[in-house]
$ cat model-v8.pdb   # PDB, C-alpha atoms
MODEL        1
ATOM      1  CA  MET A1162      -2.279 -31.335 -24.321  1.00  0.00           C
ATOM      2  CA  ILE A1163      -5.061 -33.162 -26.098  1.00  0.00           C
ATOM      3  CA  GLY A1164      -8.403 -33.249 -24.309  1.00  0.00           C
ATOM      4  CA  LEU A1165      -9.878 -36.750 -24.606  1.00  0.00           C
ATOM      5  CA  GLY A1166     -12.973 -35.805 -22.664  1.00  0.00           C
ATOM      6  CA  ALA A1167     -14.000 -34.656 -19.224  1.00  0.00           C
ATOM      7  CA  LEU A1168     -15.905 -35.571 -16.094  1.00  0.00           C
ATOM      8  CA  GLY A1169     -17.055 -32.195 -14.836  1.00  0.00           C
ATOM      9  CA  ASP A1170     -13.940 -30.027 -14.583  1.00  0.00           C
ATOM     10  CA  ILE A1171     -11.618 -33.055 -14.551  1.00  0.00           C
ATOM     11  CA  VAL A1172     -10.217 -33.151 -18.076  1.00  0.00           C
ATOM     12  CA  PHE A1173      -8.860 -36.434 -19.422  1.00  0.00           C
ATOM     13  CA  ILE A1174      -5.501 -35.586 -20.971  1.00  0.00           C
ATOM     14  CA  SER A1175      -2.618 -37.433 -22.524  1.00  0.00           C
ATOM     15  CA  SER A1176       0.391 -35.270 -23.253  1.00  0.00           C
ATOM     16  CA  PHE A1177       3.951 -36.462 -23.495  1.00  0.00           C
ATOM     17  CA  LYS A1178       5.369 -33.016 -24.203  1.00  0.00           C
ATOM     18  CA  THR A1179       7.488 -31.485 -21.462  1.00  0.00           C
ATOM     19  CA  PRO A1180       6.161 -31.463 -18.804  1.00  0.00           C
ATOM     20  CA  ARG A1181       4.395 -34.783 -19.307  1.00  0.00           C
ATOM     21  CA  LYS A1182       0.822 -34.957 -18.034  1.00  0.00           C
ATOM     22  CA  VAL A1183      -1.458 -37.972 -18.188  1.00  0.00           C
ATOM     23  CA  ARG A1184      -4.924 -38.139 -16.640  1.00  0.00           C
ATOM     24  CA  THR A1185      -6.951 -40.673 -18.555  1.00  0.00           C
ATOM     25  CA  PHE A1186      -8.976 -43.836 -18.041  1.00  0.00           C
ATOM     26  CA  GLN A1187      -9.037 -47.484 -19.011  1.00  0.00           C
ATOM     27  CA  ASP A1188     -11.497 -50.404 -18.794  1.00  0.00           C
ATOM     28  CA  PHE A1189     -14.419 -48.120 -19.674  1.00  0.00           C
ATOM     29  CA  GLN A1190     -17.742 -49.972 -19.508  1.00  0.00           C
ATOM     30  CA  ARG A1191     -21.266 -48.662 -19.982  1.00  0.00           C
ATOM     31  CA  ASP A1192     -24.331 -50.702 -19.012  1.00  0.00           C
ATOM     32  CA  SER A1193     -27.886 -49.880 -20.074  1.00  0.00           C
ATOM     33  CA  THR A1194     -31.057 -51.417 -18.695  1.00  0.00           C
ATOM     34  CA  ALA A1195     -34.766 -51.453 -19.411  1.00  0.00           C
ATOM     35  CA  ARG A1196     -37.496 -51.450 -16.780  1.00  0.00           C
ATOM     36  CA  TRP A1197     -40.190 -54.113 -17.070  1.00  0.00           C
ATOM     37  CA  GLY A1198     -43.151 -54.973 -14.877  1.00  0.00           C
ATOM     38  CA  ASN A1199     -45.284 -58.109 -14.769  1.00  0.00           C
ATOM     39  CA  ASN A1200     -49.037 -58.039 -14.388  1.00  0.00           C
ATOM     40  CA  ASP A1201     -50.419 -61.133 -12.717  1.00  0.00           C
ATOM     41  CA  ILE A1202     -53.355 -62.794 -14.480  1.00  0.00           C
ATOM     42  CA  HIS A1203     -55.391 -65.457 -12.712  1.00  0.00           C
ATOM     43  CA  LEU A1204     -54.520 -68.984 -13.940  1.00  0.00           C
ATOM     44  CA  GLN A1205     -52.319 -67.628 -16.737  1.00  0.00           C
ATOM     45  CA  LYS A1206     -48.777 -66.528 -17.178  1.00  0.00           C
ATOM     46  CA  PRO A1207     -48.117 -62.933 -16.161  1.00  0.00           C
ATOM     47  CA  ARG A1208     -48.096 -60.321 -18.909  1.00  0.00           C
ATOM     48  CA  SER A1209     -44.992 -58.205 -19.313  1.00  0.00           C
ATOM     49  CA  GLN A1210     -45.242 -54.457 -19.588  1.00  0.00           C
ATOM     50  CA  PHE A1211     -42.434 -52.142 -20.669  1.00  0.00           C
ATOM     51  CA  LEU A1212     -42.125 -49.351 -18.117  1.00  0.00           C
ATOM     52  CA  GLY A1213     -39.319 -47.403 -19.797  1.00  0.00           C
ATOM     53  CA  PRO A1214     -35.557 -47.153 -19.877  1.00  0.00           C
ATOM     54  CA  GLY A1215     -33.496 -47.599 -16.737  1.00  0.00           C
ATOM     55  CA  LEU A1216     -30.573 -45.504 -15.601  1.00  0.00           C
ATOM     56  CA  ASP A1217     -27.281 -46.249 -17.338  1.00  0.00           C
ATOM     57  CA  THR A1218     -24.162 -46.973 -15.334  1.00  0.00           C
ATOM     58  CA  ILE A1219     -20.533 -46.418 -16.287  1.00  0.00           C
ATOM     59  CA  THR A1220     -17.387 -47.816 -14.712  1.00  0.00           C
ATOM     60  CA  PHE A1221     -13.756 -47.094 -15.499  1.00  0.00           C
ATOM     61  CA  THR A1222     -10.377 -46.951 -13.805  1.00  0.00           C
ATOM     62  CA  MET A1223      -8.088 -43.941 -13.631  1.00  0.00           C
ATOM     63  CA  SER A1224      -4.353 -44.193 -12.913  1.00  0.00           C
ATOM     64  CA  PHE A1225      -2.353 -41.407 -11.309  1.00  0.00           C
ATOM     65  CA  ASP A1226       1.433 -41.310 -11.229  1.00  0.00           C
ATOM     66  CA  VAL A1227       3.757 -38.512 -10.116  1.00  0.00           C
ATOM     67  CA  ASN A1228       6.082 -39.533 -12.972  1.00  0.00           C
ATOM     68  CA  LEU A1229       3.269 -38.600 -15.364  1.00  0.00           C
ATOM     69  CA  GLY A1230       2.632 -35.183 -13.828  1.00  0.00           C
ATOM     70  CA  MET A1231      -0.247 -36.085 -11.513  1.00  0.00           C
ATOM     71  CA  ASN A1232      -0.376 -35.997  -7.720  1.00  0.00           C
ATOM     72  CA  PRO A1233      -2.429 -39.134  -6.933  1.00  0.00           C
ATOM     73  CA  ARG A1234      -3.635 -37.915  -3.550  1.00  0.00           C
ATOM     74  CA  VAL A1235      -4.831 -34.538  -4.880  1.00  0.00           C
ATOM     75  CA  GLU A1236      -6.546 -36.141  -7.885  1.00  0.00           C
ATOM     76  CA  MET A1237      -8.405 -38.739  -5.798  1.00  0.00           C
ATOM     77  CA  GLU A1238      -9.372 -36.245  -3.086  1.00  0.00           C
ATOM     78  CA  LYS A1239     -11.050 -34.033  -5.672  1.00  0.00           C
ATOM     79  CA  LEU A1240     -13.294 -36.862  -6.887  1.00  0.00           C
ATOM     80  CA  LEU A1241     -13.944 -37.997  -3.309  1.00  0.00           C
ATOM     81  CA  LYS A1242     -15.090 -34.468  -2.436  1.00  0.00           C
ATOM     82  CA  TYR A1243     -17.484 -34.470  -5.409  1.00  0.00           C
ATOM     83  CA  GLN A1244     -18.900 -37.810  -4.256  1.00  0.00           C
ATOM     84  CA  THR A1245     -19.399 -36.788  -0.610  1.00  0.00           C
ATOM     85  CA  GLU A1246     -21.054 -33.512  -1.676  1.00  0.00           C
ATOM     86  CA  GLY A1247     -23.395 -35.333  -4.081  1.00  0.00           C
ATOM     87  CA  LYS A1248     -22.144 -33.236  -6.986  1.00  0.00           C
ATOM     88  CA  VAL A1249     -23.660 -34.035 -10.380  1.00  0.00           C
ATOM     89  CA  LEU A1250     -21.148 -33.879 -13.240  1.00  0.00           C
ATOM     90  CA  LEU A1251     -21.263 -33.723 -17.015  1.00  0.00           C
ATOM     91  CA  LEU A1252     -19.452 -36.563 -18.793  1.00  0.00           C
ATOM     92  CA  GLN A1253     -18.050 -36.128 -22.279  1.00  0.00           C
ATOM     93  CA  ILE A1254     -15.804 -38.384 -24.316  1.00  0.00           C
ATOM     94  CA  GLY A1255     -14.480 -37.210 -27.661  1.00  0.00           C
ATOM     95  CA  GLY A1256     -16.464 -33.973 -27.420  1.00  0.00           C
ATOM     96  CA  LYS A1257     -19.815 -35.796 -27.106  1.00  0.00           C
ATOM     97  CA  GLY A1258     -21.938 -36.129 -24.002  1.00  0.00           C
ATOM     98  CA  LEU A1259     -22.966 -39.553 -22.771  1.00  0.00           C
ATOM     99  CA  GLY A1260     -26.518 -40.394 -21.711  1.00  0.00           C
ATOM    100  CA  GLN A1261     -28.571 -37.351 -20.902  1.00  0.00           C
ATOM    101  CA  GLY A1262     -25.345 -35.643 -19.953  1.00  0.00           C
ATOM    102  CA  LYS A1263     -25.284 -35.651 -16.160  1.00  0.00           C
ATOM    103  CA  TRP A1264     -23.824 -38.331 -13.907  1.00  0.00           C
ATOM    104  CA  LYS A1265     -23.523 -38.945 -10.166  1.00  0.00           C
ATOM    105  CA  ILE A1266     -20.600 -40.726  -8.515  1.00  0.00           C
ATOM    106  CA  LEU A1267     -21.850 -43.894  -6.803  1.00  0.00           C
ATOM    107  CA  ASN A1268     -18.574 -45.470  -5.771  1.00  0.00           C
ATOM    108  CA  LEU A1269     -14.843 -44.775  -5.706  1.00  0.00           C
ATOM    109  CA  GLY A1270     -12.348 -47.556  -5.023  1.00  0.00           C
ATOM    110  CA  GLN A1271      -8.789 -46.431  -4.253  1.00  0.00           C
ATOM    111  CA  ALA A1272      -5.724 -48.649  -4.715  1.00  0.00           C
ATOM    112  CA  TRP A1273      -2.516 -47.095  -3.356  1.00  0.00           C
ATOM    113  CA  GLU A1274       0.210 -48.749  -5.404  1.00  0.00           C
ATOM    114  CA  ARG A1275       3.438 -46.946  -4.473  1.00  0.00           C
ATOM    115  CA  ILE A1276       4.328 -44.800  -1.463  1.00  0.00           C
ATOM    116  CA  ASP A1277       7.733 -43.292  -0.720  1.00  0.00           C
ATOM    117  CA  ARG A1278       9.548 -43.507   2.625  1.00  0.00           C
ATOM    118  CA  ASP A1279       8.027 -40.178   3.729  1.00  0.00           C
ATOM    119  CA  GLY A1280       4.481 -41.412   3.187  1.00  0.00           C
ATOM    120  CA  ASN A1281       3.913 -39.546  -0.090  1.00  0.00           C
ATOM    121  CA  LEU A1282       1.599 -41.361  -2.460  1.00  0.00           C
ATOM    122  CA  LEU A1283       3.443 -41.748  -5.786  1.00  0.00           C
ATOM    123  CA  LYS A1284       1.170 -44.020  -7.801  1.00  0.00           C
ATOM    124  CA  ALA A1285      -2.454 -45.045  -7.382  1.00  0.00           C
ATOM    125  CA  SER A1286      -5.496 -46.170  -9.297  1.00  0.00           C
ATOM    126  CA  LEU A1287      -9.108 -45.196  -8.787  1.00  0.00           C
ATOM    127  CA  ALA A1288     -12.091 -47.331  -9.816  1.00  0.00           C
ATOM    128  CA  VAL A1289     -14.980 -44.976 -10.615  1.00  0.00           C
ATOM    129  CA  SER A1290     -18.649 -45.990 -10.761  1.00  0.00           C
ATOM    130  CA  LEU A1291     -21.175 -43.506 -12.156  1.00  0.00           C
ATOM    131  CA  GLU A1292     -24.943 -43.593 -12.579  1.00  0.00           C
ATOM    132  CA  GLU A1293     -26.948 -41.416 -14.932  1.00  0.00           C
ATOM    133  CA  TYR A1294     -28.684 -38.475 -13.278  1.00  0.00           C
ATOM    134  CA  VAL A1295     -32.008 -37.481 -14.801  1.00  0.00           C
TER     135      VAL A1295
ENDMDL
END
$ encode --input "model-v8.pdb" --output "structure tokens"
Amino acid sequence: MIGLGALGDIVFISSFKTPRKVRTFQDFQRDSTARWGNNDIHLQKPRSQFLGPGLDTITFTMSFDVNLGMNPRVEMEKLLKYQTEGKVLLLQIGGKGLGQGKWKILNLGQAWERIDRDGNLLKASLAVSLEEYV
């Protein structure tokens, strides 16, 4: 297995050796902002003042498929537990941390794509939204 990175103890892997295991992401997007304030001046345009950097946000989608060695329900429940507990996680891609290293889970969007006749979730995707934790 090749470790692509990790969100806390959830390692992104892509291995097609037997047994196959794939837990990775797609549509990765990082947004950075700056904080600005405006000071009102009588009869003139306001003056802008740089207040500092804002908190970065990251979004990506993870896919889970039993045919690729992942139990979608177990995988999504783990991240949901981290979110409801307010757990702060380290995020690394390619062995390098992103931002100041720690991230909080703001939102998780589950899409259940395939369920068998017994109600077992076979394939799902999870939209993950993170915000930098400083």
$ closest_residue --input "model-v8.pdb" --among "A:Gln1253, A:Gln1261, A:Thr1194, A:Thr1185" --to "Thr1222 (chain A)" --atoms "only C-alpha atoms"
A:Thr1185
$ closest_residue --input "model-v8.pdb" --among "A:Glu1292, A:Asp1201, A:Asp1188, A:Glu1236" --to "Val1249 (chain A)" --atoms "all atoms listed in the file"
A:Glu1292
$ residues_near_point --input "model-v8.pdb" --point "(-14.5, -52.3, -4.6)" --cutoff "10 Å" --atoms "all atoms listed in the file" --output "ChimeraX atom specification"
/A:1268-1272,1287-1290
$ atom_distance --input "model-v8.pdb" --atom1 "CA of Phe1173 (chain A)" --atom2 "CA of Val1227 (chain A)"
15.8 Å
$ residues_around --input "model-v8.pdb" --residues "Leu1252 (chain A)" --least-positions-apart "5" --cutoff "6 Å" --atoms "only C-alpha atoms" --output "PyMOL selection string"
chain A and resi 1167-1168+1258
$ residues_around --input "model-v8.pdb" --residues "Lys1182 (chain A)" --least-positions-apart "5" --cutoff "6 Å" --atoms "all atoms listed in the file" --output "PyMOL selection string"
chain A and resi 1176+1229-1230
$ closest_residue --input "model-v8.pdb" --among "A:Arg1184, A:Lys1239, A:Lys1263, A:Arg1275" --to "Ser1224 (chain A)" --atoms "all atoms listed in the file"
A:Arg1184
$ atom_distance --input "model-v8.pdb" --atom1 "CA of Asp1192 (chain A)" --atom2 "CA of Gly1255 (chain A)"
18.8 Å
$ closest_residue --input "model-v8.pdb" --among "A:Arg1234, A:Arg1196, A:Lys1178, A:Lys1248" --to "Asn1281 (chain A)" --atoms "only C-alpha atoms"
A:Arg1234
$ build_atoms --input "model-v8.pdb" --residues "region 1228-1239 of chain A" --atoms "all heavy atoms" --output "PDB file, in the frame of the given file"
ATOM      1  N   ASN A1228       5.183 -39.543 -11.816  1.00  0.00           N
ATOM      2  CA  ASN A1228       6.082 -39.533 -12.972  1.00  0.00           C
ATOM      3  C   ASN A1228       5.380 -39.095 -14.255  1.00  0.00           C
ATOM      4  O   ASN A1228       6.040 -38.799 -15.245  1.00  0.00           O
ATOM      5  CB  ASN A1228       6.720 -40.905 -13.177  1.00  0.00           C
ATOM      6  CG  ASN A1228       7.655 -41.263 -12.046  1.00  0.00           C
ATOM      7  OD1 ASN A1228       8.343 -40.406 -11.495  1.00  0.00           O
ATOM      8  ND2 ASN A1228       7.659 -42.530 -11.664  1.00  0.00           N
ATOM      9  N   LEU A1229       4.044 -39.064 -14.219  1.00  0.00           N
ATOM     10  CA  LEU A1229       3.269 -38.600 -15.364  1.00  0.00           C
ATOM     11  C   LEU A1229       2.547 -37.285 -15.044  1.00  0.00           C
ATOM     12  O   LEU A1229       1.521 -36.962 -15.629  1.00  0.00           O
ATOM     13  CB  LEU A1229       2.270 -39.675 -15.806  1.00  0.00           C
ATOM     14  CG  LEU A1229       2.916 -40.972 -16.309  1.00  0.00           C
ATOM     15  CD1 LEU A1229       1.861 -42.016 -16.610  1.00  0.00           C
ATOM     16  CD2 LEU A1229       3.795 -40.715 -17.527  1.00  0.00           C
ATOM     17  N   GLY A1230       3.103 -36.539 -14.099  1.00  0.00           N
ATOM     18  CA  GLY A1230       2.632 -35.183 -13.828  1.00  0.00           C
ATOM     19  C   GLY A1230       1.388 -35.065 -12.971  1.00  0.00           C
ATOM     20  O   GLY A1230       0.801 -33.984 -12.894  1.00  0.00           O
ATOM     21  N   MET A1231       0.964 -36.137 -12.327  1.00  0.00           N
ATOM     22  CA  MET A1231      -0.247 -36.085 -11.513  1.00  0.00           C
ATOM     23  C   MET A1231       0.068 -36.440 -10.065  1.00  0.00           C
ATOM     24  O   MET A1231       0.804 -37.387  -9.799  1.00  0.00           O
ATOM     25  CB  MET A1231      -1.285 -37.084 -12.033  1.00  0.00           C
ATOM     26  CG  MET A1231      -1.841 -36.757 -13.398  1.00  0.00           C
ATOM     27  SD  MET A1231      -2.801 -35.233 -13.335  1.00  0.00           S
ATOM     28  CE  MET A1231      -2.285 -34.478 -14.855  1.00  0.00           C
ATOM     29  N   ASN A1232      -0.496 -35.692  -9.140  1.00  0.00           N
ATOM     30  CA  ASN A1232      -0.376 -35.997  -7.720  1.00  0.00           C
ATOM     31  C   ASN A1232      -1.562 -36.905  -7.371  1.00  0.00           C
ATOM     32  O   ASN A1232      -2.698 -36.442  -7.312  1.00  0.00           O
ATOM     33  CB  ASN A1232      -0.414 -34.715  -6.900  1.00  0.00           C
ATOM     34  CG  ASN A1232      -0.278 -34.964  -5.421  1.00  0.00           C
ATOM     35  OD1 ASN A1232      -0.771 -35.945  -4.884  1.00  0.00           O
ATOM     36  ND2 ASN A1232       0.386 -34.045  -4.750  1.00  0.00           N
ATOM     37  N   PRO A1233      -1.322 -38.206  -7.150  1.00  0.00           N
ATOM     38  CA  PRO A1233      -2.429 -39.134  -6.933  1.00  0.00           C
ATOM     39  C   PRO A1233      -3.364 -38.731  -5.795  1.00  0.00           C
ATOM     40  O   PRO A1233      -4.583 -38.826  -5.936  1.00  0.00           O
ATOM     41  CB  PRO A1233      -1.728 -40.457  -6.607  1.00  0.00           C
ATOM     42  CG  PRO A1233      -0.391 -40.337  -7.234  1.00  0.00           C
ATOM     43  CD  PRO A1233      -0.029 -38.887  -7.126  1.00  0.00           C
ATOM     44  N   ARG A1234      -2.803 -38.260  -4.704  1.00  0.00           N
ATOM     45  CA  ARG A1234      -3.635 -37.915  -3.550  1.00  0.00           C
ATOM     46  C   ARG A1234      -4.561 -36.743  -3.868  1.00  0.00           C
ATOM     47  O   ARG A1234      -5.752 -36.767  -3.556  1.00  0.00           O
ATOM     48  CB  ARG A1234      -2.753 -37.599  -2.355  1.00  0.00           C
ATOM     49  CG  ARG A1234      -3.472 -37.725  -1.068  1.00  0.00           C
ATOM     50  CD  ARG A1234      -2.504 -37.901   0.066  1.00  0.00           C
ATOM     51  NE  ARG A1234      -3.209 -38.486   1.179  1.00  0.00           N
ATOM     52  CZ  ARG A1234      -2.623 -39.045   2.190  1.00  0.00           C
ATOM     53  NH1 ARG A1234      -1.310 -39.131   2.224  1.00  0.00           N
ATOM     54  NH2 ARG A1234      -3.318 -39.525   3.190  1.00  0.00           N
ATOM     55  N   VAL A1235      -4.023 -35.718  -4.513  1.00  0.00           N
ATOM     56  CA  VAL A1235      -4.831 -34.538  -4.880  1.00  0.00           C
ATOM     57  C   VAL A1235      -5.931 -34.928  -5.866  1.00  0.00           C
ATOM     58  O   VAL A1235      -7.087 -34.522  -5.726  1.00  0.00           O
ATOM     59  CB  VAL A1235      -3.926 -33.431  -5.471  1.00  0.00           C
ATOM     60  CG1 VAL A1235      -4.751 -32.325  -6.093  1.00  0.00           C
ATOM     61  CG2 VAL A1235      -2.995 -32.871  -4.398  1.00  0.00           C
ATOM     62  N   GLU A1236      -5.573 -35.727  -6.863  1.00  0.00           N
ATOM     63  CA  GLU A1236      -6.546 -36.141  -7.885  1.00  0.00           C
ATOM     64  C   GLU A1236      -7.692 -36.944  -7.264  1.00  0.00           C
ATOM     65  O   GLU A1236      -8.860 -36.707  -7.566  1.00  0.00           O
ATOM     66  CB  GLU A1236      -5.854 -36.960  -8.975  1.00  0.00           C
ATOM     67  CG  GLU A1236      -4.805 -36.201  -9.750  1.00  0.00           C
ATOM     68  CD  GLU A1236      -5.373 -35.098 -10.633  1.00  0.00           C
ATOM     69  OE1 GLU A1236      -6.478 -35.275 -11.192  1.00  0.00           O
ATOM     70  OE2 GLU A1236      -4.720 -34.058 -10.770  1.00  0.00           O
ATOM     71  N   MET A1237      -7.367 -37.895  -6.397  1.00  0.00           N
ATOM     72  CA  MET A1237      -8.405 -38.739  -5.798  1.00  0.00           C
ATOM     73  C   MET A1237      -9.253 -37.966  -4.794  1.00  0.00           C
ATOM     74  O   MET A1237     -10.462 -38.175  -4.716  1.00  0.00           O
ATOM     75  CB  MET A1237      -7.772 -39.971  -5.162  1.00  0.00           C
ATOM     76  CG  MET A1237      -7.181 -40.906  -6.202  1.00  0.00           C
ATOM     77  SD  MET A1237      -6.679 -42.537  -5.602  1.00  0.00           S
ATOM     78  CE  MET A1237      -5.520 -42.139  -4.323  1.00  0.00           C
ATOM     79  N   GLU A1238      -8.627 -37.052  -4.058  1.00  0.00           N
ATOM     80  CA  GLU A1238      -9.372 -36.245  -3.086  1.00  0.00           C
ATOM     81  C   GLU A1238     -10.421 -35.369  -3.769  1.00  0.00           C
ATOM     82  O   GLU A1238     -11.499 -35.152  -3.227  1.00  0.00           O
ATOM     83  CB  GLU A1238      -8.427 -35.380  -2.249  1.00  0.00           C
ATOM     84  CG  GLU A1238      -7.606 -36.152  -1.232  1.00  0.00           C
ATOM     85  CD  GLU A1238      -8.434 -36.757  -0.113  1.00  0.00           C
ATOM     86  OE1 GLU A1238      -9.474 -36.195   0.264  1.00  0.00           O
ATOM     87  OE2 GLU A1238      -8.035 -37.832   0.382  1.00  0.00           O
ATOM     88  N   LYS A1239     -10.099 -34.874  -4.944  1.00  0.00           N
ATOM     89  CA  LYS A1239     -11.050 -34.033  -5.672  1.00  0.00           C
ATOM     90  C   LYS A1239     -12.312 -34.825  -6.023  1.00  0.00           C
ATOM     91  O   LYS A1239     -13.435 -34.367  -5.801  1.00  0.00           O
ATOM     92  CB  LYS A1239     -10.393 -33.472  -6.939  1.00  0.00           C
ATOM     93  CG  LYS A1239     -11.256 -32.488  -7.674  1.00  0.00           C
ATOM     94  CD  LYS A1239     -10.472 -31.827  -8.791  1.00  0.00           C
ATOM     95  CE  LYS A1239     -11.256 -30.692  -9.391  1.00  0.00           C
ATOM     96  NZ  LYS A1239     -10.484 -29.968 -10.406  1.00  0.00           N
TER      97      LYS A1239
END
